[in-house]
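Have a look at the structure below, then the notes.
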Amino acid sequence: DQQVKQNSPSLSVQEGRISILNCDYTNSMFDYFLWYKKYPAEGPTFLISISSIKDKNEDGRFTVFLNKSAKHLSLHIVPSQPGDSAVYFCAAKTINTGTASKLTFGTGTRLQVTL
Amino acid sequence: DGGITQSPKYLFRKEGQNVTLSCEQNLNHDAMYWYRQDPGQGLRLIYYSQIVNDFQKGDIAEGYSVSREKKESFPLTVTSAQKNPTAFYLCASSPTGLGQGIIYGYTFGSGTRLTVV
């Protein structure tokens with residue numbers, strides 16, 4: 001049962017345009033969401049996160065939007081740059097105190113930014 | 001310079017062999033994790049450990065074993081019982097409790113690509 005879904009396996013966007021990556025989740029207990037970026041043969045690196053008490057978080061060119069009622073979040077990259085070409089993973093967790101809070105990952109979306 | 005180190009980067013295994021993947025961290029994180037990445041399947045949790053001498057099965061633990069004798073180390077053994085071991089393996093660590101572990105989630109190693117020959 002895939003609790004975090006990224007239904008678009010790939011996305012191609014022109015340099016300078018907006019990239020929108022989508023993520024849906026089914027577990028209503030999730031209350032924190034993260035996006036990771038991964039280059040081939042490397043480990044994922046943290047990009048941006050959002051708590052369920054917010055509906056938007058912005059960091060430079062990256063903005064994450066959360067729609068709790070729809071159980072949907074999206075990552076916007078504006079403007080897109082060739083170096084943004086990578087696989088993007090959405091992840092979700094429940095916040096626990098004093099315990100390891102496991103991340104549940106989506107299947108990833110491969111973003112290709114073309115010149 | 002703190003980080004998490006996985007070795008080797010590439011590993012070849014013959015059918016029927018056990019192999020062990022190394023994961024070491026100097027971030028003073030309590031929790032450590034092993035994930036497997038296959039094309040189109042994202043990251044799937046194999047095992048995780050919240051504290052020394054304790055570990056829990058993840059979603060796909062069959063054919064794998066782990067140990068956590070030291071806080072810094074969480075080696076993964078891929079046994080001959082694992083039917084399809086060829087994959088990219090990622091180790092991660094995180095603090096437990098509130099704070100940076102909440103904000104940033106995990107710190108990942110650079111991965112080990114295991115191929116059965």
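Identifiers in the structure tokens: chain A, B, ... in order shown; residue index from 1 per chain; ligand index from 1 in order shown.
For chain B, the residues close to chain A, meaning within 8 Å and counting only C-alpha atoms, are Ala31, Gly40, Gln41, Gly42, Leu43, Arg44, Ser49, Gln50, Leu90, Ser94, Pro95, Thr96, Gly97, Leu98, Ile102, Ile103, Tyr104, Gly105, Tyr106, Thr107, Phe108, Gly109, Ser110, Gly111 and Arg113 of chain B.
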Q.
Among range 2-103 of chain B, which ones does DSSP assign to strand (DSSP E) (computed from the backbone)? Answer as JSON, numbers by chain.
A. {"B": [4, 5, 6, 7, 10, 11, 12, 13, 19, 20, 21, 22, 23, 24, 25, 31, 32, 33, 34, 35, 36, 37, 43, 44, 45, 46, 47, 48, 49, 50, 51, 54, 55, 56, 57, 64, 65, 66, 76, 77, 78, 87, 88, 89, 90, 91, 92, 93, 94]}
Q) Just how far from CA of Ile18 in chain A is CA of Leu75 in chain A, in Å to one decimal? A)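 Between these atoms lies a distance of 10.1 Å.
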Q: Identify which of the residues A:Asn67, A:Ser8, A:Leu73, A:Lys56 lies closest to Cys23 in chain A, counting only C-alpha atoms when measuring atom-to-atom distances.
A: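 Closest to Cys23 in chain A, using only C-alpha atoms: A:Leu73.
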Fewer than 3 positions away in the same chain doesn't count, so skip those; otherwise give me all residues within 6 Å of Val78 in chain B, counting only C-alpha atoms, as a compact mmCIF listing (two decimals) with N, CA and C atoms, in the first residue's frame.
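This went into part_34.txt:
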# COMPACT_ATOMS: atom_id res chain seq x y z
N ASN B 18 26.79 -14.34 1.07
CA ASN B 18 26.36 -13.22 1.92
C ASN B 18 27.35 -12.08 1.73
N VAL B 19 26.86 -10.86 1.75
CA VAL B 19 27.75 -9.70 1.70
C VAL B 19 27.28 -8.68 2.73
N TYR B 64 17.54 -9.96 4.71
CA TYR B 64 18.54 -9.02 5.22
C TYR B 64 18.71 -9.20 6.73
Q: Rank B:Val66, B:Asp38, B:Leu21, B:His29 by their smallest atom-to-atom distance to Ile51 in chain B, using only C-alpha atoms, and report the top residue only.
A: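 Counting only C-alpha atoms, the residue closest to Ile51 in chain B is B:His29.
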Q) Any idea what the distance is between CA of Thr26 in chain A and CA of His72 in chain A? A) 9.1 Å
Ala86 in chain A surroundings by only C-alpha atoms, 8 Å radius, close-in-sequence under 4 positions cut, as an mmCIF file with C-alpha atoms, in the first residue's frame:
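Now in out_35.cif:
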data_model
loop_
_atom_site.group_PDB
_atom_site.id
_atom_site.type_symbol
_atom_site.label_atom_id
_atom_site.label_comp_id
_atom_site.auth_asym_id
_atom_site.auth_seq_id
_atom_site.Cartn_x
_atom_site.Cartn_y
_atom_site.Cartn_z
ATOM 1 C CA LYS A 37 16.634 15.907 -4.338
ATOM 2 C CA LYS A 38 18.728 13.034 -5.645
ATOM 3 C CA TYR A 39 21.407 12.876 -8.309
ATOM 4 C CA PRO A 40 22.387 9.498 -9.824
ATOM 5 C CA ARG A 110 12.644 12.707 -12.523
ATOM 6 C CA LEU A 111 12.890 16.374 -13.517
ATOM 7 C CA GLN A 112 14.711 17.310 -16.692
#
(Q) Calculated over only C-alpha atoms, which of the candidates A:Gly60, A:Ser19, A:Ser52, A:Tyr25 has the smallest distance to His76 in chain A? (A)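 Residue with the minimum atom-to-atom distance to His76 in chain A: A:Ser19.
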**Q.** Polymer residues at most 7 Å from Val52 in chain B, only C-alpha atoms, same-chain spacing of 6 or more positions, as number ranges by chain
**A.** B: 68-71
Q | Atom pair CA of Ile4 in chain B / CA of Glu24 in chain B: separation (Å) | A | 5.7 Å
Q.
So, with only C-alpha atoms as the atoms that count, which of B:Arg13, B:Thr5, B:Asp30, B:Ala92 lies closest to Ile46 in chain B?
A. B:Ala92
